[in-house]
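Undergrad: Please see the structure below; I have some questions.
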Amino acid sequence: MSGSSIGKLFCVTNFGESHGPAIGCVVDGCPPGMELCAEDIQAQLDRRKPGTSRHVTQRRESDTVEILSGIFEGHTTGAPIALLIRNEDQRSKDYGNIADTFRPGHADYTYWHKYGIRDYRGGGRSSARLTAPTVGAGAIAKKWLAQKYGIQVRGYMSALGPIDLTFKNWAAVGENAFFSPDPDSVAALEAYMDELRKSGDSVGAKITVVAENVPAGWGEPLYDRIDADLAHALMGLNAVKGVEIGDGFECVRQKGTEHRDELTPEGFLSNHAGGVLGGISSGQNIVAHVAIKPTSSIRLPGRSIDKQGNPIEVVTHGRHDPCVGIRATPIAEALMAIVLMDHALRHRAQCADVVTETPQIPGNIQTK
């Protein structure tokens with residue numbers, strides 16, 4: 001199966017299935033000499049893991065990471081870093097009833113037509129369980145970016161179904177199960193999710209991810225623009241149906257005098273472009289938004305077909321997130337960090353000796 005790797009100089013290859021013995025990834029291209037231990041990676045995995053609240057899947061996985069290679073005496077060696085996360089709480093029997101049918105809205109039908117075989121247990125390769133290794137790889141990228149450039153990659157939930165969330169402060173994001181930046185919204189989010197869970201339905205979400213302190217000059221036009229690679233990576237996150245950079249589709253309603261980010265000696269006056277101009281980082285915050293669809297695996301019956309093409313009714317059993325977006329923030333952060341580290345290494349390889357006399361002006365300190 002091709003399509004399981006991301007990045008060129010910092011390359012992450014993901015492997016495993018939802019109900020297999022283990023999942024993991026191989027991270028190739030990490031520079032040598034950085035201090036790294038399992039605890040660095042585990043801290044990020046714990047933010048994503050299931051069973052952390054009543055609002056997410058109750059599958060009980062510790063997501064304990066094992067580093068199999070690429071580390072010696074607590075430092076990266078430059079060799080590939082292999083990360084392994086063992087599956088501990090599979091309940092494959094929950095999926096026996098869909099072995100010969102296709103869940104509507106899921107990858108069952110398309111995987112079957114593409115490969116002629118599919119692991120129906122928990123969705124197999126198409127499961128969001130495979131985002132755990134991505135978060136592990138992203139933890140490595142986050143640490144390197146922070147140490148080398150002072151870059152901080154953070155995200156938050158900006159909408160849950162019909163509820164828009166106002167950004168108030170970063171401190172609030174880590175204090176609730178929704179990654180909400182508005183502490184006053186948590187009670188309403190909990191009530192909404194409790195009612196949704198009782199109904200057996202699901203809902204989508206919007207996640208915003210921000211990278212601060214990114215230098216100007218990263219990106220490889222024409223086809224490896226930093227925003228293009230970021231959109232490509234974020235579209236690889238399960239259930240994502242849309243990606244916006246900066247103002248995204250809102251720019252349709254803006255005039256040129258409003259959208260253009262004017263420059264002054266004191267800094268940029270706005271950041272409608274999301275920190276990217278011509279596919280190259282401008283030195284402003286890089287801002288991306290992702291739209292995540294409602295969970296397809298729900299217990300309410302839906303129409304579909306079986307392998308013979310006969311009409312059937314599907315009811316999905318098992319443990320599922322009524323909103324997969326609730327746990328998506330750490331994953332979006334990881335994907336942005338992976339893209340940024342890859343571009344940092346690519347820029348260093350070609351343009352490390354480039355010097356200009358023009359000062360890099362400050363970015364507009366806004367997050368949306």
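In the structure tokens, the first chain shown is A, the next is B, and so on; residue numbers restart at 1 for each chain, and ligands run from 1 in the order shown.
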Considering only C-alpha atoms, give me a table of residues in region 117-183 of chain A that are at most 12 Å from region 218-238 of chain A, with the closest atom pair and distance in Å for each, as a tab-separated table.

TA:
residue	atom	partner	partner_atom	distance
A:Gly123	CA	A:Asn238	CA	11.5
A:Arg125	CA	A:Asn238	CA	10.8
A:Ser126	CA	A:Asn238	CA	7.7
A:Ser127	CA	A:Asn238	CA	7.6
A:Ala128	CA	A:Asn238	CA	5.8
A:Arg129	CA	A:Asn238	CA	9.4
A:Leu130	CA	A:Asn238	CA	8.9
A:Thr131	CA	A:Leu237	CA	7.4
A:Ala132	CA	A:Leu237	CA	11.0
A:Thr134	CA	A:Leu237	CA	9.4
A:Val135	CA	A:Leu237	CA	11.0
A:Gly138	CA	A:Ala233	CA	11.9

Undergrad: Keeping only all heavy atoms, write those residues as a PDB file, in the first residue's frame.

TA:
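Writing done, so here's part-v7.pdb:
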ATOM      1  N   GLY A 123     -12.249  -0.892  11.071  1.00  0.00           N
ATOM      2  CA  GLY A 123     -11.839  -0.107   9.918  1.00  0.00           C
ATOM      3  C   GLY A 123     -10.447  -0.418   9.429  1.00  0.00           C
ATOM      4  O   GLY A 123     -10.007   0.113   8.410  1.00  0.00           O
ATOM      5  N   ARG A 125      -6.964  -0.331   8.339  1.00  0.00           N
ATOM      6  CA  ARG A 125      -5.996   0.728   8.031  1.00  0.00           C
ATOM      7  C   ARG A 125      -6.648   2.108   7.985  1.00  0.00           C
ATOM      8  O   ARG A 125      -5.970   3.124   8.150  1.00  0.00           O
ATOM      9  CB  ARG A 125      -5.358   0.405   6.682  1.00  0.00           C
ATOM     10  CG  ARG A 125      -4.203   1.325   6.309  1.00  0.00           C
ATOM     11  CD  ARG A 125      -2.921   0.879   6.944  1.00  0.00           C
ATOM     12  NE  ARG A 125      -1.836   1.781   6.571  1.00  0.00           N
ATOM     13  CZ  ARG A 125      -1.061   2.427   7.439  1.00  0.00           C
ATOM     14  NH1 ARG A 125      -1.231   2.275   8.733  1.00  0.00           N
ATOM     15  NH2 ARG A 125      -0.106   3.210   7.022  1.00  0.00           N
ATOM     16  N   SER A 126      -7.953   2.176   7.756  1.00  0.00           N
ATOM     17  CA  SER A 126      -8.632   3.466   7.633  1.00  0.00           C
ATOM     18  C   SER A 126      -9.044   4.051   8.983  1.00  0.00           C
ATOM     19  O   SER A 126      -9.615   5.142   9.040  1.00  0.00           O
ATOM     20  CB  SER A 126      -9.878   3.327   6.748  1.00  0.00           C
ATOM     21  OG  SER A 126     -10.867   2.518   7.387  1.00  0.00           O
ATOM     22  N   SER A 127      -8.759   3.339  10.059  1.00  0.00           N
ATOM     23  CA  SER A 127      -9.188   3.768  11.389  1.00  0.00           C
ATOM     24  C   SER A 127      -8.396   4.973  11.876  1.00  0.00           C
ATOM     25  O   SER A 127      -7.201   5.122  11.608  1.00  0.00           O
ATOM     26  CB  SER A 127      -9.003   2.617  12.382  1.00  0.00           C
ATOM     27  OG  SER A 127      -9.196   3.066  13.706  1.00  0.00           O
ATOM     28  N   ALA A 128      -9.066   5.834  12.654  1.00  0.00           N
ATOM     29  CA  ALA A 128      -8.386   6.964  13.296  1.00  0.00           C
ATOM     30  C   ALA A 128      -7.378   6.495  14.345  1.00  0.00           C
ATOM     31  O   ALA A 128      -6.591   7.303  14.848  1.00  0.00           O
ATOM     32  CB  ALA A 128      -9.405   7.896  13.934  1.00  0.00           C
ATOM     33  N   ARG A 129      -7.386   5.217  14.665  1.00  0.00           N
ATOM     34  CA  ARG A 129      -6.370   4.661  15.564  1.00  0.00           C
ATOM     35  C   ARG A 129      -4.971   4.901  15.004  1.00  0.00           C
ATOM     36  O   ARG A 129      -4.003   5.047  15.756  1.00  0.00           O
ATOM     37  CB  ARG A 129      -6.624   3.158  15.724  1.00  0.00           C
ATOM     38  CG  ARG A 129      -5.609   2.439  16.602  1.00  0.00           C
ATOM     39  CD  ARG A 129      -6.059   2.377  18.034  1.00  0.00           C
ATOM     40  NE  ARG A 129      -5.028   1.800  18.882  1.00  0.00           N
ATOM     41  CZ  ARG A 129      -4.326   2.476  19.787  1.00  0.00           C
ATOM     42  NH1 ARG A 129      -4.554   3.764  19.995  1.00  0.00           N
ATOM     43  NH2 ARG A 129      -3.407   1.875  20.523  1.00  0.00           N
ATOM     44  N   LEU A 130      -4.858   4.984  13.686  1.00  0.00           N
ATOM     45  CA  LEU A 130      -3.562   5.158  13.040  1.00  0.00           C
ATOM     46  C   LEU A 130      -3.017   6.582  13.180  1.00  0.00           C
ATOM     47  O   LEU A 130      -1.909   6.870  12.698  1.00  0.00           O
ATOM     48  CB  LEU A 130      -3.660   4.772  11.560  1.00  0.00           C
ATOM     49  CG  LEU A 130      -3.479   3.277  11.224  1.00  0.00           C
ATOM     50  CD1 LEU A 130      -2.105   2.784  11.646  1.00  0.00           C
ATOM     51  CD2 LEU A 130      -4.548   2.415  11.878  1.00  0.00           C
ATOM     52  N   THR A 131      -3.778   7.469  13.823  1.00  0.00           N
ATOM     53  CA  THR A 131      -3.256   8.817  14.065  1.00  0.00           C
ATOM     54  C   THR A 131      -2.325   8.864  15.265  1.00  0.00           C
ATOM     55  O   THR A 131      -1.576   9.835  15.424  1.00  0.00           O
ATOM     56  CB  THR A 131      -4.394   9.824  14.283  1.00  0.00           C
ATOM     57  OG1 THR A 131      -5.180   9.438  15.425  1.00  0.00           O
ATOM     58  CG2 THR A 131      -5.302   9.901  13.059  1.00  0.00           C
ATOM     59  N   ALA A 132      -2.332   7.838  16.094  1.00  0.00           N
ATOM     60  CA  ALA A 132      -1.442   7.833  17.259  1.00  0.00           C
ATOM     61  C   ALA A 132       0.033   7.881  16.851  1.00  0.00           C
ATOM     62  O   ALA A 132       0.803   8.678  17.396  1.00  0.00           O
ATOM     63  CB  ALA A 132      -1.731   6.620  18.147  1.00  0.00           C
ATOM     64  N   THR A 134       1.265   9.155  14.229  1.00  0.00           N
ATOM     65  CA  THR A 134       1.489  10.496  13.693  1.00  0.00           C
ATOM     66  C   THR A 134       1.782  11.480  14.812  1.00  0.00           C
ATOM     67  O   THR A 134       2.675  12.327  14.697  1.00  0.00           O
ATOM     68  CB  THR A 134       0.264  10.957  12.891  1.00  0.00           C
ATOM     69  OG1 THR A 134       0.026  10.050  11.810  1.00  0.00           O
ATOM     70  CG2 THR A 134       0.456  12.362  12.341  1.00  0.00           C
ATOM     71  N   VAL A 135       1.025  11.369  15.888  1.00  0.00           N
ATOM     72  CA  VAL A 135       1.261  12.243  17.035  1.00  0.00           C
ATOM     73  C   VAL A 135       2.646  11.979  17.625  1.00  0.00           C
ATOM     74  O   VAL A 135       3.348  12.906  18.053  1.00  0.00           O
ATOM     75  CB  VAL A 135       0.160  12.056  18.091  1.00  0.00           C
ATOM     76  CG1 VAL A 135       0.488  12.806  19.378  1.00  0.00           C
ATOM     77  CG2 VAL A 135      -1.180  12.545  17.540  1.00  0.00           C
ATOM     78  N   GLY A 138       5.077  13.637  15.410  1.00  0.00           N
ATOM     79  CA  GLY A 138       4.944  15.071  15.587  1.00  0.00           C
ATOM     80  C   GLY A 138       5.610  15.574  16.851  1.00  0.00           C
ATOM     81  O   GLY A 138       6.101  16.710  16.903  1.00  0.00           O
TER      82      GLY A 138
END

Undergrad: With a distance cut-off of 7 Å and only C-alpha atoms, select the neighbouring residues of Arg303 (chain A), excluding the residue or stretch itself and same-chain residues fewer than 6 positions from it, and output the selection as a PyMOL selection string.

TA: chain A and resi 312-314

Undergrad: For the residues in the current selection, export all heavy atoms as a short mmCIF file (atom, residue, chain, number, x, y, z; two decimals), in the first residue's frame.

TA:
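Contents of the output file result.cif:
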data_model
loop_
_atom_site.label_atom_id
_atom_site.label_comp_id
_atom_site.auth_asym_id
_atom_site.auth_seq_id
_atom_site.Cartn_x
_atom_site.Cartn_y
_atom_site.Cartn_z
N ILE A 312 -29.38 -3.37 2.17
CA ILE A 312 -29.40 -3.82 3.56
C ILE A 312 -29.49 -2.59 4.46
O ILE A 312 -29.34 -1.46 4.02
CB ILE A 312 -28.15 -4.67 3.92
CG1 ILE A 312 -26.85 -3.94 3.52
CG2 ILE A 312 -28.19 -6.01 3.25
CD1 ILE A 312 -26.10 -3.36 4.65
N GLU A 313 -29.70 -2.85 5.74
CA GLU A 313 -29.69 -1.78 6.74
C GLU A 313 -28.53 -2.06 7.69
O GLU A 313 -28.36 -3.18 8.17
CB GLU A 313 -31.01 -1.75 7.51
CG GLU A 313 -31.12 -0.58 8.47
CD GLU A 313 -32.49 -0.53 9.16
OE1 GLU A 313 -32.73 -1.37 10.05
OE2 GLU A 313 -33.31 0.32 8.77
N VAL A 314 -27.71 -1.03 7.95
CA VAL A 314 -26.51 -1.18 8.76
C VAL A 314 -26.68 -0.44 10.08
O VAL A 314 -27.08 0.72 10.11
CB VAL A 314 -25.26 -0.64 8.03
CG1 VAL A 314 -24.05 -0.67 8.95
CG2 VAL A 314 -25.00 -1.47 6.78
#

Undergrad: Find, counting only C-alpha atoms, the residue in A:Phe102, A:Tyr156, A:Trp170, A:Phe15 that gets nearest to Asp306 (chain A).

TA: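 Between A:Phe102, A:Tyr156, A:Trp170, A:Phe15, the residue approaching Asp306 (chain A) most closely is A:Phe102.
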
Undergrad: Just list the residues in region 76-162 of chain A DSSP gives helix (DSSP H, G or I) on the backbone, as a compact mmCIF listing (two decimals) with all heavy atoms, in the first residue's frame.

TA:
# COMPACT_ATOMS: atom_id res chain seq x y z
N SER A 92 -12.75 -7.17 18.38
CA SER A 92 -13.03 -7.42 16.97
C SER A 92 -14.43 -7.99 16.74
O SER A 92 -15.02 -7.83 15.67
CB SER A 92 -11.98 -8.38 16.39
OG SER A 92 -10.68 -7.82 16.51
N LYS A 93 -14.98 -8.65 17.77
CA LYS A 93 -16.31 -9.24 17.62
C LYS A 93 -17.37 -8.19 17.34
O LYS A 93 -18.42 -8.48 16.77
CB LYS A 93 -16.68 -10.03 18.87
CG LYS A 93 -16.75 -9.21 20.14
CD LYS A 93 -17.09 -10.06 21.35
CE LYS A 93 -17.10 -9.26 22.65
NZ LYS A 93 -18.05 -8.15 22.65
N ASP A 94 -17.11 -6.94 17.74
CA ASP A 94 -18.08 -5.87 17.49
C ASP A 94 -18.29 -5.62 16.01
O ASP A 94 -19.28 -4.98 15.62
CB ASP A 94 -17.62 -4.56 18.15
CG ASP A 94 -17.71 -4.61 19.67
OD1 ASP A 94 -18.45 -5.46 20.19
OD2 ASP A 94 -17.02 -3.80 20.33
N TYR A 95 -17.37 -6.10 15.18
CA TYR A 95 -17.41 -5.79 13.75
C TYR A 95 -17.76 -6.98 12.88
O TYR A 95 -17.75 -6.87 11.66
CB TYR A 95 -16.06 -5.21 13.32
CG TYR A 95 -15.73 -3.92 14.04
CD1 TYR A 95 -15.02 -3.94 15.25
CD2 TYR A 95 -16.16 -2.70 13.55
CE1 TYR A 95 -14.74 -2.77 15.93
CE2 TYR A 95 -15.88 -1.54 14.22
CZ TYR A 95 -15.17 -1.57 15.41
OH TYR A 95 -14.90 -0.41 16.09
N GLY A 96 -18.09 -8.11 13.51
CA GLY A 96 -18.41 -9.31 12.73
C GLY A 96 -19.59 -9.13 11.80
O GLY A 96 -19.64 -9.74 10.73
N ASN A 97 -20.53 -8.26 12.20
CA ASN A 97 -21.74 -8.10 11.39
C ASN A 97 -21.52 -7.25 10.14
O ASN A 97 -22.41 -7.14 9.30
CB ASN A 97 -22.86 -7.47 12.22
CG ASN A 97 -22.53 -6.05 12.66
OD1 ASN A 97 -21.39 -5.75 12.99
ND2 ASN A 97 -23.53 -5.18 12.67
N ILE A 98 -20.33 -6.63 9.99
CA ILE A 98 -20.11 -5.81 8.79
C ILE A 98 -19.07 -6.43 7.87
O ILE A 98 -18.59 -5.78 6.95
CB ILE A 98 -19.67 -4.37 9.16
CG1 ILE A 98 -18.32 -4.38 9.90
CG2 ILE A 98 -20.73 -3.67 9.96
CD1 ILE A 98 -17.67 -3.01 9.95
N ASP A 108 -15.20 1.52 3.96
CA ASP A 108 -15.38 0.10 3.64
C ASP A 108 -15.54 -0.15 2.14
O ASP A 108 -14.86 -0.99 1.55
CB ASP A 108 -16.62 -0.45 4.36
CG ASP A 108 -16.54 -0.32 5.87
OD1 ASP A 108 -15.44 -0.08 6.38
OD2 ASP A 108 -17.59 -0.45 6.53
N TYR A 109 -16.45 0.58 1.52
CA TYR A 109 -16.79 0.37 0.11
C TYR A 109 -15.61 0.70 -0.79
O TYR A 109 -15.29 -0.04 -1.72
CB TYR A 109 -18.00 1.25 -0.23
CG TYR A 109 -18.46 1.17 -1.66
CD1 TYR A 109 -19.22 0.10 -2.11
CD2 TYR A 109 -18.16 2.20 -2.56
CE1 TYR A 109 -19.65 0.03 -3.43
CE2 TYR A 109 -18.59 2.15 -3.87
CZ TYR A 109 -19.33 1.07 -4.30
OH TYR A 109 -19.76 1.00 -5.60
N THR A 110 -14.92 1.81 -0.50
CA THR A 110 -13.82 2.23 -1.37
C THR A 110 -12.59 1.35 -1.20
O THR A 110 -11.90 1.03 -2.18
CB THR A 110 -13.46 3.71 -1.11
OG1 THR A 110 -13.25 3.91 0.30
CG2 THR A 110 -14.57 4.62 -1.59
N TYR A 111 -12.28 0.94 0.03
CA TYR A 111 -11.15 0.03 0.24
C TYR A 111 -11.40 -1.30 -0.49
O TYR A 111 -10.49 -1.89 -1.07
CB TYR A 111 -10.94 -0.23 1.74
CG TYR A 111 -9.93 0.68 2.39
CD1 TYR A 111 -10.09 2.07 2.38
CD2 TYR A 111 -8.80 0.18 3.04
CE1 TYR A 111 -9.18 2.91 2.99
CE2 TYR A 111 -7.87 1.00 3.65
CZ TYR A 111 -8.06 2.38 3.61
OH TYR A 111 -7.15 3.20 4.21
N TRP A 112 -12.64 -1.78 -0.43
CA TRP A 112 -12.97 -3.05 -1.07
C TRP A 112 -12.76 -2.97 -2.58
O TRP A 112 -12.17 -3.86 -3.20
CB TRP A 112 -14.41 -3.44 -0.75
CG TRP A 112 -14.87 -4.72 -1.37
CD1 TRP A 112 -15.76 -4.88 -2.38
CD2 TRP A 112 -14.43 -6.05 -1.03
NE1 TRP A 112 -15.92 -6.21 -2.70
CE2 TRP A 112 -15.11 -6.95 -1.87
CE3 TRP A 112 -13.53 -6.55 -0.09
CZ2 TRP A 112 -14.92 -8.33 -1.81
CZ3 TRP A 112 -13.34 -7.93 -0.03
CH2 TRP A 112 -14.03 -8.79 -0.88
N HIS A 113 -13.21 -1.87 -3.18
CA HIS A 113 -13.06 -1.72 -4.63
C HIS A 113 -11.60 -1.50 -5.02
O HIS A 113 -11.18 -1.93 -6.10
CB HIS A 113 -13.92 -0.56 -5.13
CG HIS A 113 -15.31 -0.98 -5.48
ND1 HIS A 113 -15.63 -1.65 -6.64
CD2 HIS A 113 -16.48 -0.83 -4.81
CE1 HIS A 113 -16.93 -1.89 -6.69
NE2 HIS A 113 -17.47 -1.41 -5.58
N LYS A 114 -10.81 -0.85 -4.18
CA LYS A 114 -9.42 -0.59 -4.52
C LYS A 114 -8.54 -1.82 -4.35
O LYS A 114 -7.76 -2.16 -5.23
CB LYS A 114 -8.84 0.55 -3.68
CG LYS A 114 -7.38 0.87 -4.03
CD LYS A 114 -6.89 2.14 -3.39
CE LYS A 114 -5.44 2.41 -3.78
NZ LYS A 114 -5.29 2.65 -5.24
N TYR A 115 -8.69 -2.52 -3.21
CA TYR A 115 -7.75 -3.59 -2.88
C TYR A 115 -8.32 -5.00 -3.06
O TYR A 115 -7.56 -5.97 -3.10
CB TYR A 115 -7.25 -3.43 -1.44
CG TYR A 115 -6.52 -2.12 -1.22
CD1 TYR A 115 -7.10 -1.09 -0.48
CD2 TYR A 115 -5.25 -1.90 -1.76
CE1 TYR A 115 -6.44 0.11 -0.28
CE2 TYR A 115 -4.59 -0.70 -1.57
CZ TYR A 115 -5.19 0.30 -0.84
OH TYR A 115 -4.54 1.49 -0.65
N ARG A 121 -12.18 -5.10 10.81
CA ARG A 121 -12.13 -4.93 12.27
C ARG A 121 -11.74 -3.50 12.62
O ARG A 121 -10.59 -3.10 12.48
CB ARG A 121 -11.14 -5.92 12.88
CG ARG A 121 -11.39 -7.38 12.55
CD ARG A 121 -10.17 -8.21 12.93
NE ARG A 121 -8.96 -7.72 12.26
CZ ARG A 121 -7.73 -8.08 12.60
NH1 ARG A 121 -7.53 -8.93 13.61
NH2 ARG A 121 -6.69 -7.61 11.94
N GLY A 122 -12.70 -2.73 13.05
CA GLY A 122 -12.43 -1.35 13.43
C GLY A 122 -12.00 -0.46 12.29
O GLY A 122 -11.45 0.61 12.51
N GLY A 123 -12.25 -0.89 11.07
CA GLY A 123 -11.84 -0.11 9.92
C GLY A 123 -10.45 -0.42 9.43
O GLY A 123 -10.01 0.11 8.41
N GLY A 124 -9.72 -1.28 10.17
CA GLY A 124 -8.39 -1.68 9.71
C GLY A 124 -7.46 -0.49 9.54
O GLY A 124 -7.20 0.29 10.46
N ARG A 125 -6.96 -0.33 8.34
CA ARG A 125 -6.00 0.73 8.03
C ARG A 125 -6.65 2.11 7.98
O ARG A 125 -5.97 3.12 8.15
CB ARG A 125 -5.36 0.41 6.68
CG ARG A 125 -4.20 1.33 6.31
CD ARG A 125 -2.92 0.88 6.94
NE ARG A 125 -1.84 1.78 6.57
CZ ARG A 125 -1.06 2.43 7.44
NH1 ARG A 125 -1.23 2.27 8.73
NH2 ARG A 125 -0.11 3.21 7.02
N SER A 126 -7.95 2.18 7.76
CA SER A 126 -8.63 3.47 7.63
C SER A 126 -9.04 4.05 8.98
O SER A 126 -9.61 5.14 9.04
CB SER A 126 -9.88 3.33 6.75
OG SER A 126 -10.87 2.52 7.39
N ALA A 128 -9.07 5.83 12.65
CA ALA A 128 -8.39 6.96 13.30
C ALA A 128 -7.38 6.50 14.35
O ALA A 128 -6.59 7.30 14.85
CB ALA A 128 -9.41 7.90 13.93
N ARG A 129 -7.39 5.22 14.66
CA ARG A 129 -6.37 4.66 15.56
C ARG A 129 -4.97 4.90 15.00
O ARG A 129 -4.00 5.05 15.76
CB ARG A 129 -6.62 3.16 15.72
CG ARG A 129 -5.61 2.44 16.60
CD ARG A 129 -6.06 2.38 18.03
NE ARG A 129 -5.03 1.80 18.88
CZ ARG A 129 -4.33 2.48 19.79
NH1 ARG A 129 -4.55 3.76 19.99
NH2 ARG A 129 -3.41 1.87 20.52
N LEU A 130 -4.86 4.98 13.69
CA LEU A 130 -3.56 5.16 13.04
C LEU A 130 -3.02 6.58 13.18
O LEU A 130 -1.91 6.87 12.70
CB LEU A 130 -3.66 4.77 11.56
CG LEU A 130 -3.48 3.28 11.22
CD1 LEU A 130 -2.10 2.78 11.65
CD2 LEU A 130 -4.55 2.41 11.88
N THR A 131 -3.78 7.47 13.82
CA THR A 131 -3.26 8.82 14.06
C THR A 131 -2.33 8.86 15.26
O THR A 131 -1.58 9.83 15.42
CB THR A 131 -4.39 9.82 14.28
OG1 THR A 131 -5.18 9.44 15.43
CG2 THR A 131 -5.30 9.90 13.06
N ALA A 132 -2.33 7.84 16.09
CA ALA A 132 -1.44 7.83 17.26
C ALA A 132 0.03 7.88 16.85
O ALA A 132 0.80 8.68 17.40
CB ALA A 132 -1.73 6.62 18.15
N PRO A 133 0.50 7.05 15.91
CA PRO A 133 1.89 7.17 15.49
C PRO A 133 2.23 8.54 14.90
O PRO A 133 3.35 9.03 15.06
CB PRO A 133 2.04 6.07 14.44
CG PRO A 133 0.97 5.09 14.74
CD PRO A 133 -0.17 5.90 15.26
N THR A 134 1.26 9.15 14.23
CA THR A 134 1.49 10.50 13.69
C THR A 134 1.78 11.48 14.81
O THR A 134 2.67 12.33 14.70
CB THR A 134 0.26 10.96 12.89
OG1 THR A 134 0.03 10.05 11.81
CG2 THR A 134 0.46 12.36 12.34
N VAL A 135 1.02 11.37 15.89
CA VAL A 135 1.26 12.24 17.04
C VAL A 135 2.65 11.98 17.63
O VAL A 135 3.35 12.91 18.05
CB VAL A 135 0.16 12.06 18.09
CG1 VAL A 135 0.49 12.81 19.38
CG2 VAL A 135 -1.18 12.54 17.54
N GLY A 136 3.05 10.72 17.65
CA GLY A 136 4.39 10.39 18.14
C GLY A 136 5.48 11.04 17.30
O GLY A 136 6.43 11.62 17.83
N ALA A 137 5.35 10.95 15.98
CA ALA A 137 6.32 11.58 15.09
C ALA A 137 6.29 13.10 15.24
O ALA A 137 7.33 13.77 15.23
CB ALA A 137 6.04 11.19 13.64
N GLY A 138 5.08 13.64 15.41
CA GLY A 138 4.94 15.07 15.59
C GLY A 138 5.61 15.57 16.85
O GLY A 138 6.10 16.71 16.90
N ALA A 139 5.63 14.74 17.88
CA ALA A 139 6.30 15.13 19.13
C ALA A 139 7.79 15.34 18.90
O ALA A 139 8.40 16.26 19.48
CB ALA A 139 6.07 14.06 20.19
N ILE A 140 8.40 14.50 18.07
CA ILE A 140 9.81 14.67 17.73
C ILE A 140 10.02 15.99 16.99
O ILE A 140 10.93 16.76 17.30
CB ILE A 140 10.31 13.49 16.89
CG1 ILE A 140 10.18 12.17 17.69
CG2 ILE A 140 11.74 13.70 16.42
CD1 ILE A 140 10.45 10.92 16.86
N ALA A 141 9.15 16.25 16.01
CA ALA A 141 9.27 17.48 15.23
C ALA A 141 9.04 18.71 16.09
O ALA A 141 9.76 19.71 15.97
CB ALA A 141 8.26 17.45 14.07
N LYS A 142 8.06 18.64 16.99
CA LYS A 142 7.80 19.77 17.88
C LYS A 142 9.02 20.11 18.73
O LYS A 142 9.37 21.29 18.89
CB LYS A 142 6.61 19.44 18.80
CG LYS A 142 5.24 19.66 18.22
CD LYS A 142 4.20 19.44 19.31
CE LYS A 142 2.82 19.82 18.87
NZ LYS A 142 1.84 19.71 19.97
N LYS A 143 9.65 19.09 19.26
CA LYS A 143 10.80 19.34 20.13
C LYS A 143 11.95 19.95 19.34
O LYS A 143 12.60 20.91 19.80
CB LYS A 143 11.24 18.05 20.82
CG LYS A 143 12.40 18.26 21.79
CD LYS A 143 12.60 17.08 22.72
CE LYS A 143 13.67 17.43 23.77
NZ LYS A 143 13.86 16.33 24.75
N TRP A 144 12.23 19.42 18.16
CA TRP A 144 13.32 19.95 17.34
C TRP A 144 13.07 21.39 16.93
O TRP A 144 13.95 22.24 16.99
CB TRP A 144 13.53 19.06 16.12
CG TRP A 144 14.74 19.41 15.32
CD1 TRP A 144 16.02 18.98 15.53
CD2 TRP A 144 14.79 20.25 14.17
NE1 TRP A 144 16.86 19.52 14.59
CE2 TRP A 144 16.14 20.30 13.73
CE3 TRP A 144 13.82 20.98 13.47
CZ2 TRP A 144 16.53 21.03 12.62
CZ3 TRP A 144 14.22 21.72 12.36
CH2 TRP A 144 15.56 21.75 11.95
N LEU A 145 11.83 21.68 16.48
CA LEU A 145 11.49 23.03 16.05
C LEU A 145 11.61 24.03 17.20
O LEU A 145 12.07 25.16 17.01
CB LEU A 145 10.06 23.05 15.49
CG LEU A 145 9.85 22.35 14.15
CD1 LEU A 145 8.37 22.17 13.88
CD2 LEU A 145 10.50 23.14 13.00
N ALA A 146 11.18 23.61 18.39
CA ALA A 146 11.25 24.50 19.54
C ALA A 146 12.70 24.78 19.92
O ALA A 146 13.06 25.93 20.21
CB ALA A 146 10.50 23.89 20.72
N GLN A 147 13.53 23.75 19.91
CA GLN A 147 14.92 23.94 20.30
C GLN A 147 15.72 24.71 19.25
O GLN A 147 16.57 25.54 19.59
CB GLN A 147 15.58 22.57 20.56
CG GLN A 147 15.08 21.87 21.81
CD GLN A 147 15.86 20.60 22.12
OE1 GLN A 147 16.71 20.17 21.35
NE2 GLN A 147 15.59 20.00 23.27
N LYS A 148 15.45 24.45 17.99
CA LYS A 148 16.26 25.04 16.92
C LYS A 148 15.82 26.46 16.56
O LYS A 148 16.65 27.32 16.27
CB LYS A 148 16.17 24.14 15.68
CG LYS A 148 17.20 24.46 14.60
CD LYS A 148 18.58 24.03 15.03
CE LYS A 148 19.59 24.26 13.90
NZ LYS A 148 20.96 23.90 14.32
N TYR A 149 14.49 26.68 16.58
CA TYR A 149 13.98 27.96 16.10
C TYR A 149 13.05 28.68 17.09
O TYR A 149 12.58 29.77 16.79
CB TYR A 149 13.21 27.76 14.77
CG TYR A 149 14.09 27.30 13.64
CD1 TYR A 149 14.18 25.95 13.30
CD2 TYR A 149 14.85 28.21 12.90
CE1 TYR A 149 14.99 25.52 12.26
CE2 TYR A 149 15.66 27.78 11.86
CZ TYR A 149 15.72 26.44 11.55
OH TYR A 149 16.52 26.02 10.51

Undergrad: Just how far from CA of Thr76 (chain A) is CA of Ala216 (chain A), in Å to one decimal?

TA: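 So the two atoms, CA of Ala216 (chain A) and CA of Thr76 (chain A), lie 27.2 Å apart.
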
Undergrad: Could you tell me, as JSON, numbers by chain, which residues of region 173-332 of chain A DSSP assigns to strand (DSSP E) when given the backbone?

TA: {"A": [205, 206, 207, 208, 209, 210, 211, 212, 240, 241, 242, 243, 244, 245, 263, 264, 267, 268, 276, 277, 280, 281, 286, 287, 288, 289, 290, 291, 292, 302, 303, 304, 305, 311, 312, 313, 314]}

Undergrad: For CA of Asn285 (chain A) and CA of Glu258 (chain A), quote the distance in Å rounded to one decimal.

TA: 18.4 Å

Undergrad: Given the choices A:Pro330, A:Gly74, A:Pro362, A:Pro183, which gets closest to Arg48 (chain A) if the distance is worked out from only C-alpha atoms?

TA: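 Closest to Arg48 (chain A), using only C-alpha atoms: A:Pro330.
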